[in-house]
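Printed here is model_14.pdb (PDB, C-alpha atoms):
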```
MODEL        1
ATOM      1  CA  ASP A  19    -151.185 -72.082  -4.940  1.00  0.00           C
ATOM      2  CA  THR A  20    -149.735 -68.588  -5.361  1.00  0.00           C
ATOM      3  CA  GLY A  21    -146.288 -69.606  -6.618  1.00  0.00           C
ATOM      4  CA  GLN A  22    -143.715 -66.836  -6.864  1.00  0.00           C
ATOM      5  CA  THR A  23    -145.728 -63.662  -6.396  1.00  0.00           C
ATOM      6  CA  GLU A  24    -145.182 -60.054  -5.533  1.00  0.00           C
ATOM      7  CA  THR A  25    -147.981 -57.856  -4.240  1.00  0.00           C
ATOM      8  CA  VAL A  26    -147.720 -54.256  -5.424  1.00  0.00           C
ATOM      9  CA  GLU A  27    -149.965 -51.359  -6.371  1.00  0.00           C
ATOM     10  CA  GLU A  28    -151.296 -51.619  -9.928  1.00  0.00           C
ATOM     11  CA  PRO A  29    -150.456 -48.535 -12.027  1.00  0.00           C
ATOM     12  CA  GLU A  30    -153.182 -46.800 -13.988  1.00  0.00           C
ATOM     13  CA  PRO A  31    -153.279 -47.512 -17.749  1.00  0.00           C
ATOM     14  CA  ARG A  32    -150.596 -45.314 -19.318  1.00  0.00           C
ATOM     15  CA  ALA A  33    -150.649 -43.409 -22.590  1.00  0.00           C
ATOM     16  CA  ARG A  34    -149.524 -45.905 -25.212  1.00  0.00           C
ATOM     17  CA  ARG A  35    -146.107 -45.649 -26.849  1.00  0.00           C
ATOM     18  CA  GLY A  36    -146.499 -45.940 -30.600  1.00  0.00           C
ATOM     19  CA  SER A  37    -150.224 -45.227 -30.451  1.00  0.00           C
ATOM     20  CA  ILE A  38    -152.738 -42.497 -29.828  1.00  0.00           C
ATOM     21  CA  ALA A  39    -151.663 -40.026 -27.167  1.00  0.00           C
ATOM     22  CA  PHE A  40    -154.905 -40.126 -25.252  1.00  0.00           C
ATOM     23  CA  GLY A  41    -155.589 -39.406 -21.638  1.00  0.00           C
ATOM     24  CA  ALA A  42    -156.299 -42.521 -19.619  1.00  0.00           C
ATOM     25  CA  ILE A  43    -159.678 -42.541 -17.925  1.00  0.00           C
ATOM     26  CA  ALA A  44    -159.001 -40.589 -14.779  1.00  0.00           C
ATOM     27  CA  LEU A  45    -159.326 -42.221 -11.407  1.00  0.00           C
ATOM     28  CA  ALA A  46    -159.709 -39.785  -8.552  1.00  0.00           C
ATOM     29  CA  ALA A  47    -156.554 -39.431  -6.495  1.00  0.00           C
ATOM     30  CA  VAL A  48    -157.378 -40.949  -3.161  1.00  0.00           C
ATOM     31  CA  VAL A  49    -155.341 -42.190  -0.247  1.00  0.00           C
ATOM     32  CA  ALA A  50    -155.763 -45.915   0.338  1.00  0.00           C
ATOM     33  CA  SER A  51    -157.637 -46.663   3.521  1.00  0.00           C
ATOM     34  CA  LEU A  52    -155.748 -49.900   3.926  1.00  0.00           C
ATOM     35  CA  ALA A  53    -151.955 -49.954   3.839  1.00  0.00           C
ATOM     36  CA  LEU A  54    -150.179 -51.704   0.980  1.00  0.00           C
ATOM     37  CA  HIS A  55    -148.120 -54.726   2.027  1.00  0.00           C
ATOM     38  CA  ASN A  56    -145.256 -56.110  -0.051  1.00  0.00           C
ATOM     39  CA  SER A  57    -144.934 -59.864   0.387  1.00  0.00           C
ATOM     40  CA  HIS A  58    -144.648 -63.128  -1.505  1.00  0.00           C
ATOM     41  CA  SER A  59    -148.381 -63.799  -1.268  1.00  0.00           C
ATOM     42  CA  PRO A  60    -151.458 -61.549  -1.598  1.00  0.00           C
ATOM     43  CA  PRO A  61    -153.095 -60.059   1.514  1.00  0.00           C
ATOM     44  CA  GLU A  62    -155.644 -62.440   3.014  1.00  0.00           C
ATOM     45  CA  ALA A  63    -158.535 -60.101   2.175  1.00  0.00           C
ATOM     46  CA  ASP A  64    -157.586 -60.125  -1.520  1.00  0.00           C
ATOM     47  CA  LEU A  65    -156.660 -63.771  -2.018  1.00  0.00           C
ATOM     48  CA  PRO A  66    -157.530 -64.861  -5.572  1.00  0.00           C
ATOM     49  CA  THR A  67    -159.342 -68.102  -6.336  1.00  0.00           C
ATOM     50  CA  VAL A  68    -156.836 -68.686  -9.163  1.00  0.00           C
ATOM     51  CA  GLY A  69    -153.219 -69.101  -8.090  1.00  0.00           C
ATOM     52  CA  ALA A  70    -150.088 -67.796  -9.786  1.00  0.00           C
ATOM     53  CA  ARG A  71    -149.349 -70.943 -11.827  1.00  0.00           C
ATOM     54  CA  GLU A  72    -152.860 -71.209 -13.212  1.00  0.00           C
ATOM     55  CA  ALA A  73    -153.056 -67.475 -13.873  1.00  0.00           C
ATOM     56  CA  SER A  74    -149.701 -67.635 -15.663  1.00  0.00           C
ATOM     57  CA  ALA A  75    -150.897 -70.511 -17.844  1.00  0.00           C
ATOM     58  CA  LEU A  76    -154.122 -68.667 -18.702  1.00  0.00           C
ATOM     59  CA  GLY A  77    -152.208 -65.479 -19.456  1.00  0.00           C
ATOM     60  CA  GLN A  78    -149.708 -67.255 -21.675  1.00  0.00           C
ATOM     61  CA  GLN A  79    -152.537 -68.984 -23.519  1.00  0.00           C
ATOM     62  CA  PHE A  80    -154.259 -65.652 -24.142  1.00  0.00           C
ATOM     63  CA  LEU A  81    -151.112 -63.842 -25.335  1.00  0.00           C
ATOM     64  CA  THR A  82    -150.027 -66.734 -27.539  1.00  0.00           C
ATOM     65  CA  ALA A  83    -153.447 -66.707 -29.195  1.00  0.00           C
ATOM     66  CA  ARG A  84    -152.911 -62.989 -29.904  1.00  0.00           C
ATOM     67  CA  GLY A  85    -149.630 -63.802 -31.674  1.00  0.00           C
ATOM     68  CA  ALA A  86    -147.113 -63.237 -28.892  1.00  0.00           C
ATOM     69  CA  THR A  87    -143.770 -65.042 -29.007  1.00  0.00           C
ATOM     70  CA  GLY A  88    -140.882 -64.845 -26.576  1.00  0.00           C
ATOM     71  CA  ILE A  89    -140.038 -65.655 -22.962  1.00  0.00           C
ATOM     72  CA  PHE A  90    -142.777 -65.246 -20.387  1.00  0.00           C
ATOM     73  CA  SER A  91    -141.846 -63.830 -17.000  1.00  0.00           C
ATOM     74  CA  ASP A  92    -142.081 -66.418 -14.219  1.00  0.00           C
ATOM     75  CA  ASN A  93    -142.558 -63.721 -11.550  1.00  0.00           C
ATOM     76  CA  MET A  94    -146.317 -63.193 -11.498  1.00  0.00           C
ATOM     77  CA  ARG A  95    -147.311 -59.917  -9.870  1.00  0.00           C
ATOM     78  CA  PHE A  96    -150.524 -59.681  -7.875  1.00  0.00           C
ATOM     79  CA  GLU A  97    -151.352 -55.990  -7.959  1.00  0.00           C
ATOM     80  CA  ARG A  98    -153.942 -54.242  -5.843  1.00  0.00           C
ATOM     81  CA  ARG A  99    -155.960 -51.586  -7.689  1.00  0.00           C
ATOM     82  CA  GLY A 100    -155.659 -48.907  -5.028  1.00  0.00           C
ATOM     83  CA  PRO A 101    -158.214 -46.210  -6.005  1.00  0.00           C
ATOM     84  CA  THR A 102    -160.730 -48.799  -7.230  1.00  0.00           C
ATOM     85  CA  ARG A 103    -160.396 -50.903  -4.086  1.00  0.00           C
ATOM     86  CA  THR A 104    -160.629 -47.894  -1.777  1.00  0.00           C
ATOM     87  CA  PHE A 105    -163.798 -46.636  -3.454  1.00  0.00           C
ATOM     88  CA  MET A 106    -165.521 -50.033  -3.602  1.00  0.00           C
ATOM     89  CA  VAL A 107    -164.743 -50.871   0.021  1.00  0.00           C
ATOM     90  CA  SER A 108    -165.985 -47.431   1.122  1.00  0.00           C
ATOM     91  CA  ALA A 109    -169.176 -47.751  -0.923  1.00  0.00           C
ATOM     92  CA  LEU A 110    -170.049 -51.411  -0.357  1.00  0.00           C
ATOM     93  CA  GLY A 111    -167.975 -52.725   2.515  1.00  0.00           C
ATOM     94  CA  LEU A 112    -165.140 -55.235   2.106  1.00  0.00           C
ATOM     95  CA  ASP A 113    -167.204 -58.433   1.801  1.00  0.00           C
ATOM     96  CA  SER A 114    -169.633 -57.030  -0.806  1.00  0.00           C
ATOM     97  CA  ALA A 115    -166.802 -55.329  -2.682  1.00  0.00           C
ATOM     98  CA  ARG A 116    -164.970 -58.648  -2.991  1.00  0.00           C
ATOM     99  CA  VAL A 117    -168.112 -60.359  -4.353  1.00  0.00           C
ATOM    100  CA  VAL A 118    -168.693 -57.588  -6.901  1.00  0.00           C
ATOM    101  CA  GLY A 119    -164.979 -57.635  -7.731  1.00  0.00           C
ATOM    102  CA  GLN A 120    -165.239 -61.228  -8.931  1.00  0.00           C
ATOM    103  CA  ARG A 121    -168.129 -60.374 -11.262  1.00  0.00           C
ATOM    104  CA  GLU A 122    -167.647 -56.830 -12.489  1.00  0.00           C
ATOM    105  CA  VAL A 123    -164.711 -54.679 -11.423  1.00  0.00           C
ATOM    106  CA  PRO A 124    -161.636 -56.411  -9.935  1.00  0.00           C
ATOM    107  CA  LEU A 125    -160.007 -55.069  -6.774  1.00  0.00           C
ATOM    108  CA  ALA A 126    -156.664 -56.669  -7.709  1.00  0.00           C
ATOM    109  CA  THR A 127    -155.153 -58.390 -10.744  1.00  0.00           C
ATOM    110  CA  TRP A 128    -152.521 -60.904 -11.757  1.00  0.00           C
ATOM    111  CA  HIS A 129    -150.040 -59.272 -14.155  1.00  0.00           C
ATOM    112  CA  LEU A 130    -147.970 -61.278 -16.664  1.00  0.00           C
ATOM    113  CA  LYS A 131    -145.391 -59.772 -19.027  1.00  0.00           C
ATOM    114  CA  LEU A 132    -143.643 -61.210 -22.053  1.00  0.00           C
ATOM    115  CA  LEU A 133    -139.897 -60.596 -22.173  1.00  0.00           C
ATOM    116  CA  GLN A 134    -138.431 -59.789 -25.585  1.00  0.00           C
ATOM    117  CA  PRO A 135    -134.874 -58.477 -25.042  1.00  0.00           C
ATOM    118  CA  GLY A 136    -133.599 -56.151 -27.751  1.00  0.00           C
ATOM    119  CA  ARG A 137    -137.008 -55.579 -29.340  1.00  0.00           C
ATOM    120  CA  GLU A 138    -139.188 -52.463 -29.208  1.00  0.00           C
ATOM    121  CA  GLU A 139    -142.235 -54.574 -28.541  1.00  0.00           C
ATOM    122  CA  GLU A 140    -144.030 -55.403 -25.312  1.00  0.00           C
ATOM    123  CA  TRP A 141    -146.830 -57.793 -24.410  1.00  0.00           C
ATOM    124  CA  SER A 142    -148.697 -57.984 -21.111  1.00  0.00           C
ATOM    125  CA  VAL A 143    -152.002 -59.286 -19.764  1.00  0.00           C
ATOM    126  CA  ARG A 144    -153.965 -58.768 -16.566  1.00  0.00           C
ATOM    127  CA  LEU A 145    -156.341 -61.323 -15.066  1.00  0.00           C
ATOM    128  CA  ASP A 146    -158.657 -60.926 -12.120  1.00  0.00           C
ATOM    129  CA  GLY A 147    -158.675 -63.325  -9.181  1.00  0.00           C
ATOM    130  CA  THR A 148    -160.937 -65.752 -11.048  1.00  0.00           C
ATOM    131  CA  GLY A 149    -158.689 -65.926 -14.147  1.00  0.00           C
ATOM    132  CA  ARG A 150    -160.789 -63.595 -16.320  1.00  0.00           C
ATOM    133  CA  VAL A 151    -158.831 -61.317 -18.678  1.00  0.00           C
ATOM    134  CA  VAL A 152    -159.437 -57.692 -17.645  1.00  0.00           C
ATOM    135  CA  GLY A 153    -156.507 -56.003 -19.358  1.00  0.00           C
ATOM    136  CA  PHE A 154    -154.128 -56.520 -22.254  1.00  0.00           C
ATOM    137  CA  GLU A 155    -151.428 -54.511 -23.998  1.00  0.00           C
ATOM    138  CA  HIS A 156    -149.250 -54.988 -27.069  1.00  0.00           C
ATOM    139  CA  VAL A 157    -146.909 -52.039 -27.565  1.00  0.00           C
ATOM    140  CA  VAL A 158    -145.205 -51.565 -30.941  1.00  0.00           C
ATOM    141  CA  PRO A 159    -143.143 -48.700 -32.458  1.00  0.00           C
ATOM    142  CA  ASP A 160    -144.806 -45.781 -34.244  1.00  0.00           C
ATOM    143  CA  ASP A 161    -143.413 -46.955 -37.557  1.00  0.00           C
ATOM    144  CA  GLU A 162    -144.726 -50.528 -37.219  1.00  0.00           C
ATOM    145  CA  PRO A 163    -146.426 -51.275 -40.576  1.00  0.00           C
ATOM    146  CA  GLY A 164    -150.137 -51.935 -40.693  1.00  0.00           C
ATOM    147  CA  VAL A 165    -153.248 -50.964 -42.596  1.00  0.00           C
ATOM    148  CA  HIS A 166    -155.496 -47.914 -42.820  1.00  0.00           C
ATOM    149  CA  LEU A 167    -158.990 -48.757 -41.618  1.00  0.00           C
ATOM    150  CA  GLY A 168    -161.951 -46.469 -41.228  1.00  0.00           C
ATOM    151  CA  GLU A 169    -163.746 -46.060 -37.889  1.00  0.00           C
ATOM    152  CA  ALA A 170    -166.535 -48.534 -38.690  1.00  0.00           C
ATOM    153  CA  ASP A 171    -164.164 -51.358 -39.657  1.00  0.00           C
ATOM    154  CA  ALA A 172    -161.911 -50.727 -36.653  1.00  0.00           C
ATOM    155  CA  ARG A 173    -164.917 -50.633 -34.318  1.00  0.00           C
ATOM    156  CA  ALA A 174    -166.101 -53.989 -35.673  1.00  0.00           C
ATOM    157  CA  ILE A 175    -162.695 -55.457 -34.752  1.00  0.00           C
ATOM    158  CA  ALA A 176    -162.957 -53.975 -31.256  1.00  0.00           C
ATOM    159  CA  ASP A 177    -166.507 -55.286 -30.815  1.00  0.00           C
ATOM    160  CA  SER A 178    -165.441 -58.777 -31.882  1.00  0.00           C
ATOM    161  CA  PHE A 179    -162.553 -58.723 -29.404  1.00  0.00           C
ATOM    162  CA  LEU A 180    -164.793 -57.581 -26.553  1.00  0.00           C
ATOM    163  CA  MET A 181    -167.052 -60.567 -27.143  1.00  0.00           C
ATOM    164  CA  THR A 182    -164.083 -62.868 -26.492  1.00  0.00           C
ATOM    165  CA  VAL A 183    -163.392 -61.250 -23.099  1.00  0.00           C
ATOM    166  CA  GLY A 184    -167.000 -61.272 -21.927  1.00  0.00           C
ATOM    167  CA  TRP A 185    -168.317 -57.837 -22.926  1.00  0.00           C
ATOM    168  CA  PRO A 186    -171.051 -58.137 -25.606  1.00  0.00           C
ATOM    169  CA  PRO A 187    -171.635 -54.819 -27.433  1.00  0.00           C
ATOM    170  CA  ASP A 188    -175.237 -54.587 -26.171  1.00  0.00           C
ATOM    171  CA  THR A 189    -173.912 -54.277 -22.586  1.00  0.00           C
ATOM    172  CA  LEU A 190    -171.867 -51.175 -23.446  1.00  0.00           C
ATOM    173  CA  ALA A 191    -172.580 -47.567 -24.394  1.00  0.00           C
ATOM    174  CA  SER A 192    -170.011 -45.694 -26.477  1.00  0.00           C
ATOM    175  CA  VAL A 193    -168.518 -42.643 -24.738  1.00  0.00           C
ATOM    176  CA  GLY A 194    -165.689 -41.719 -27.079  1.00  0.00           C
ATOM    177  CA  GLU A 195    -163.538 -42.452 -30.129  1.00  0.00           C
ATOM    178  CA  LYS A 196    -160.226 -41.022 -31.279  1.00  0.00           C
ATOM    179  CA  THR A 197    -158.322 -41.599 -34.487  1.00  0.00           C
ATOM    180  CA  GLN A 198    -154.679 -40.965 -35.359  1.00  0.00           C
ATOM    181  CA  ARG A 199    -153.185 -41.610 -38.752  1.00  0.00           C
ATOM    182  CA  GLN A 200    -149.614 -42.917 -38.656  1.00  0.00           C
ATOM    183  CA  ALA A 201    -147.330 -43.076 -41.692  1.00  0.00           C
ATOM    184  CA  SER A 202    -148.075 -46.754 -42.347  1.00  0.00           C
ATOM    185  CA  ARG A 203    -151.304 -47.418 -40.430  1.00  0.00           C
ATOM    186  CA  THR A 204    -154.294 -45.762 -38.776  1.00  0.00           C
ATOM    187  CA  ASP A 205    -154.882 -46.166 -35.034  1.00  0.00           C
ATOM    188  CA  HIS A 206    -158.241 -45.958 -33.279  1.00  0.00           C
ATOM    189  CA  ARG A 207    -159.157 -45.673 -29.609  1.00  0.00           C
ATOM    190  CA  PHE A 208    -162.668 -46.626 -28.463  1.00  0.00           C
ATOM    191  CA  ASP A 209    -164.188 -46.080 -25.019  1.00  0.00           C
ATOM    192  CA  TRP A 210    -167.401 -47.468 -23.569  1.00  0.00           C
ATOM    193  CA  GLU A 211    -169.337 -47.346 -20.318  1.00  0.00           C
ATOM    194  CA  VAL A 212    -170.981 -50.479 -18.962  1.00  0.00           C
ATOM    195  CA  VAL A 213    -174.760 -50.076 -19.135  1.00  0.00           C
ATOM    196  CA  GLY A 214    -176.864 -50.461 -16.006  1.00  0.00           C
ATOM    197  CA  ILE A 215    -174.034 -50.780 -13.483  1.00  0.00           C
ATOM    198  CA  GLY A 216    -173.046 -47.988 -11.124  1.00  0.00           C
ATOM    199  CA  TYR A 217    -171.853 -47.571  -7.539  1.00  0.00           C
ATOM    200  CA  ARG A 218    -172.901 -44.566  -5.463  1.00  0.00           C
ATOM    201  CA  TRP A 219    -170.218 -43.838  -2.883  1.00  0.00           C
ATOM    202  CA  ASN A 220    -172.702 -42.342  -0.426  1.00  0.00           C
ATOM    203  CA  PRO A 221    -176.015 -44.250  -0.664  1.00  0.00           C
ATOM    204  CA  ASP A 222    -177.657 -41.801   1.774  1.00  0.00           C
ATOM    205  CA  ASP A 223    -176.927 -38.817  -0.498  1.00  0.00           C
ATOM    206  CA  THR A 224    -178.839 -38.873  -3.784  1.00  0.00           C
ATOM    207  CA  ALA A 225    -176.603 -36.095  -5.085  1.00  0.00           C
ATOM    208  CA  ALA A 226    -173.428 -38.108  -4.507  1.00  0.00           C
ATOM    209  CA  GLY A 227    -171.547 -39.118  -7.619  1.00  0.00           C
ATOM    210  CA  VAL A 228    -171.759 -42.585  -9.141  1.00  0.00           C
ATOM    211  CA  ALA A 229    -168.734 -44.650 -10.193  1.00  0.00           C
ATOM    212  CA  ARG A 230    -169.049 -46.355 -13.591  1.00  0.00           C
ATOM    213  CA  ILE A 231    -167.113 -49.215 -15.182  1.00  0.00           C
ATOM    214  CA  GLN A 232    -165.400 -48.072 -18.352  1.00  0.00           C
ATOM    215  CA  ILE A 233    -163.837 -50.184 -21.085  1.00  0.00           C
ATOM    216  CA  GLY A 234    -161.130 -49.004 -23.482  1.00  0.00           C
ATOM    217  CA  VAL A 235    -159.796 -50.707 -26.616  1.00  0.00           C
ATOM    218  CA  ASP A 236    -157.040 -49.600 -29.006  1.00  0.00           C
ATOM    219  CA  VAL A 237    -157.024 -50.908 -32.567  1.00  0.00           C
ATOM    220  CA  GLU A 238    -153.729 -50.268 -34.378  1.00  0.00           C
ATOM    221  CA  GLY A 239    -154.096 -50.992 -38.061  1.00  0.00           C
ATOM    222  CA  ASP A 240    -156.256 -54.103 -37.986  1.00  0.00           C
ATOM    223  CA  GLN A 241    -154.949 -55.470 -34.667  1.00  0.00           C
ATOM    224  CA  VAL A 242    -156.250 -54.997 -31.123  1.00  0.00           C
ATOM    225  CA  ALA A 243    -153.324 -53.447 -29.273  1.00  0.00           C
ATOM    226  CA  SER A 244    -154.777 -52.813 -25.825  1.00  0.00           C
ATOM    227  CA  PHE A 245    -157.796 -53.439 -23.627  1.00  0.00           C
ATOM    228  CA  HIS A 246    -158.440 -51.885 -20.223  1.00  0.00           C
ATOM    229  CA  THR A 247    -161.164 -52.207 -17.612  1.00  0.00           C
ATOM    230  CA  THR A 248    -161.254 -49.269 -15.202  1.00  0.00           C
ATOM    231  CA  LEU A 249    -163.570 -47.684 -12.646  1.00  0.00           C
ATOM    232  CA  ASP A 250    -164.374 -44.006 -13.259  1.00  0.00           C
ATOM    233  CA  VAL A 251    -164.578 -42.680  -9.690  1.00  0.00           C
ATOM    234  CA  PRO A 252    -166.617 -39.503  -8.946  1.00  0.00           C
ATOM    235  CA  ASP A 253    -164.513 -36.370  -8.516  1.00  0.00           C
ATOM    236  CA  ASP A 254    -166.153 -35.584  -5.178  1.00  0.00           C
ATOM    237  CA  PHE A 255    -165.237 -38.922  -3.591  1.00  0.00           C
TER     238      PHE A 255
ENDMDL
END
```
Would you mind giving the structure from this file in structure tokens?
Amino acid sequence: DTGQTETVEEPEPRARRGSIAFGAIALAAVVASLALHNSHSPPEADLPTVGAREASALGQQFLTARGATGIFSDNMRFERRGPTRTFMVSALGLDSARVVGQREVPLATWHLKLLQPGREEEWSVRLDGTGRVVGFEHVVPDDEPGVHLGEADARAIADSFLMTVGWPPDTLASVGEKTQRQASRTDHRFDWEVVGIGYRWNPDDTAAGVARIQIGVDVEGDQVASFHTTLDVPDDF
């Protein structure tokens, strides 16, 4: 059950409009080893266990719980994560990469957007092939009112959110925090690295770089505004 789908390349997380101008965690620029196919159903090698209708329902449920209102797009997009997929297949082989992708770092995602014509506000959510939320974004204008929280209070909000999407704080190590004070709110960006999980792209070379799963959360005022799961690929891959 894939419903109305479109298979495309998933873009990297972009710098947020109306938030901190931070650099997204860089993925090494690599050429995909497998060609991208545009069709109405995902490539056989990347078929999700959750179809478009179920993924759409799960995505709508998640966004509604976050406070989203509006018209949900009925054109679910199944997007291959090109650099991540290329690295994981090269490092582990296709079969092992697909197994790991269902547990840790997805090779492709369902993407659902909320349509709100005439409003400077955007909602979107990404789910992996099993229906797990691996990305979320709520974009609001710079002048959207909010509150001014310190780093500790904002981090507590981020930690609480991560628990709801399956990342307990004790599984993560902090690798960065940025703060930007807006006129009517304070925005925070937090970045973590998943502890104890890494993928060496050349197992026979102990000096080869290791790819790490990184998690990013934006807290704008007292609201979680974005969540991203990415793979930080070694520069020498």
Problem set entry | Chain and number of each residue from the PyMOL selection byres ((chain A and resi 106) around 10), as a list in words | Pro101, Thr102, Arg103, Thr104, Phe105, Val107, Ser108, Ala109, Leu110, Gly111, Leu112, Ser114, Ala115, Arg116, Val118, Gly119, Val123, Pro124, Leu125, Tyr217, Arg218, Trp219, Ala229, Leu249 and Val251 of chain A
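When all atoms listed in the file are used to measure the gap to Val237 of chain A, the shortest distance among A:Gln134, A:Gln198, A:Thr82, A:Thr67 belongs to A:Gln198.
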For this session: Report as a list in words the residues that result from applying the PyMOL selection byres ((chain A and resi 150-157) around 8) to the structure here.
Result: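 For this structure, the PyMOL selection byres ((chain A and resi 150-157) around 8) resolves to Arg34, Arg35, Gly36, Gly77, Glu138, Glu139, Glu140, Trp141, Ser142, Val143, Arg144, Leu145, Asp146, Gly147, Thr148, Gly149, Val158, Pro159, Val183, Ala243, Ser244, Phe245, His246 and Thr247 of chain A.
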C-alpha atoms of the current selection, written as a PDB file, keeping the file's coordinate frame:
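For reference, part-v2.pdb as written:
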```pdb
ATOM      1  CA  ARG A  34    -149.524 -45.905 -25.212  1.00  0.00           C
ATOM      2  CA  ARG A  35    -146.107 -45.649 -26.849  1.00  0.00           C
ATOM      3  CA  GLY A  36    -146.499 -45.940 -30.600  1.00  0.00           C
ATOM      4  CA  GLY A  77    -152.208 -65.479 -19.456  1.00  0.00           C
ATOM      5  CA  GLU A 138    -139.188 -52.463 -29.208  1.00  0.00           C
ATOM      6  CA  GLU A 139    -142.235 -54.574 -28.541  1.00  0.00           C
ATOM      7  CA  GLU A 140    -144.030 -55.403 -25.312  1.00  0.00           C
ATOM      8  CA  TRP A 141    -146.830 -57.793 -24.410  1.00  0.00           C
ATOM      9  CA  SER A 142    -148.697 -57.984 -21.111  1.00  0.00           C
ATOM     10  CA  VAL A 143    -152.002 -59.286 -19.764  1.00  0.00           C
ATOM     11  CA  ARG A 144    -153.965 -58.768 -16.566  1.00  0.00           C
ATOM     12  CA  LEU A 145    -156.341 -61.323 -15.066  1.00  0.00           C
ATOM     13  CA  ASP A 146    -158.657 -60.926 -12.120  1.00  0.00           C
ATOM     14  CA  GLY A 147    -158.675 -63.325  -9.181  1.00  0.00           C
ATOM     15  CA  THR A 148    -160.937 -65.752 -11.048  1.00  0.00           C
ATOM     16  CA  GLY A 149    -158.689 -65.926 -14.147  1.00  0.00           C
ATOM     17  CA  VAL A 158    -145.205 -51.565 -30.941  1.00  0.00           C
ATOM     18  CA  PRO A 159    -143.143 -48.700 -32.458  1.00  0.00           C
ATOM     19  CA  VAL A 183    -163.392 -61.250 -23.099  1.00  0.00           C
ATOM     20  CA  ALA A 243    -153.324 -53.447 -29.273  1.00  0.00           C
ATOM     21  CA  SER A 244    -154.777 -52.813 -25.825  1.00  0.00           C
ATOM     22  CA  PHE A 245    -157.796 -53.439 -23.627  1.00  0.00           C
ATOM     23  CA  HIS A 246    -158.440 -51.885 -20.223  1.00  0.00           C
ATOM     24  CA  THR A 247    -161.164 -52.207 -17.612  1.00  0.00           C
TER      25      THR A 247
END
```
Exercise. Counting all atoms listed in the file, what is within 10 Å of Asp188 of chain A, bar same-chain residues fewer than 4 positions away, as a list in words?
Worked result: Asp177, Val212 and Val213 of chain A
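Of the listed residues (A:Gln78, A:Gln120, A:Ser178, A:Thr248), A:Gln78 comes nearest to Leu133 of chain A; the distances count all atoms listed in the file.
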Seminar exercise, completed: Between atom CA of Gln241 of chain A and atom CA of Thr204 of chain A lies a distance of 10.6 Å
Problem set entry | Proximity to Gly194 of chain A - best of A:Ile175, A:Val235, A:Val165, A:Leu130, all atoms listed in the file |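 Looking at the shortest contact to Gly194 of chain A, the residue is A:Val235.
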For this session: Evaluate the PyMOL selection byres ((chain A and resi 167) around 10) on the structure here and hand back the selected residues as a list in words.
Result: Gly164, Val165, His166, Gly168, Glu169, Ala170, Asp171, Ala172, Arg173, Arg199, Arg203, Thr204, Asp205, His206, Val237, Glu238, Gly239 and Asp240 of chain A
Exercise. Do you have the atom CA of Asp209 of chain A-atom CA of Gly100 of chain A distance handy?
Worked result: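 That distance, rounded to one decimal, is 21.9 Å.
Taking only C-alpha atoms into account, the protein, DNA and RNA residues within 12 Å of (-171.4, -57.6, -25.1) read A:Ala176, A:Asp177, A:Ser178, A:Phe179, A:Leu180, A:Met181, A:Thr182, A:Val183, A:Gly184, A:Trp185, A:Pro186, A:Pro187, A:Asp188, A:Thr189, A:Leu190, A:Ala191, A:Trp210, A:Glu211, A:Val212, A:Val213, A:Ile233.
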Saved selection, atoms kept: C-alpha atoms, as a PDB file, in the coordinates of the input:
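As written to disk, out_0.pdb reads:
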```pdb
ATOM      1  CA  ALA A 176    -162.957 -53.975 -31.256  1.00  0.00           C
ATOM      2  CA  ASP A 177    -166.507 -55.286 -30.815  1.00  0.00           C
ATOM      3  CA  SER A 178    -165.441 -58.777 -31.882  1.00  0.00           C
ATOM      4  CA  PHE A 179    -162.553 -58.723 -29.404  1.00  0.00           C
ATOM      5  CA  LEU A 180    -164.793 -57.581 -26.553  1.00  0.00           C
ATOM      6  CA  MET A 181    -167.052 -60.567 -27.143  1.00  0.00           C
ATOM      7  CA  THR A 182    -164.083 -62.868 -26.492  1.00  0.00           C
ATOM      8  CA  VAL A 183    -163.392 -61.250 -23.099  1.00  0.00           C
ATOM      9  CA  GLY A 184    -167.000 -61.272 -21.927  1.00  0.00           C
ATOM     10  CA  TRP A 185    -168.317 -57.837 -22.926  1.00  0.00           C
ATOM     11  CA  PRO A 186    -171.051 -58.137 -25.606  1.00  0.00           C
ATOM     12  CA  PRO A 187    -171.635 -54.819 -27.433  1.00  0.00           C
ATOM     13  CA  ASP A 188    -175.237 -54.587 -26.171  1.00  0.00           C
ATOM     14  CA  THR A 189    -173.912 -54.277 -22.586  1.00  0.00           C
ATOM     15  CA  LEU A 190    -171.867 -51.175 -23.446  1.00  0.00           C
ATOM     16  CA  ALA A 191    -172.580 -47.567 -24.394  1.00  0.00           C
ATOM     17  CA  TRP A 210    -167.401 -47.468 -23.569  1.00  0.00           C
ATOM     18  CA  GLU A 211    -169.337 -47.346 -20.318  1.00  0.00           C
ATOM     19  CA  VAL A 212    -170.981 -50.479 -18.962  1.00  0.00           C
ATOM     20  CA  VAL A 213    -174.760 -50.076 -19.135  1.00  0.00           C
ATOM     21  CA  ILE A 233    -163.837 -50.184 -21.085  1.00  0.00           C
TER      22      ILE A 233
END
```
Problem set entry | Residue nearest Leu132 of chain A - candidates A:Ile89, A:Val193, A:Ala225, A:Ala70, atoms counted: all atoms listed in the file | A:Ile89
Exercise. Pick the closest to Thr127 of chain A from A:Arg71, A:Arg84, A:Arg99, A:Arg230: which is it, counting all atoms listed in the file?
Worked result: A:Arg99
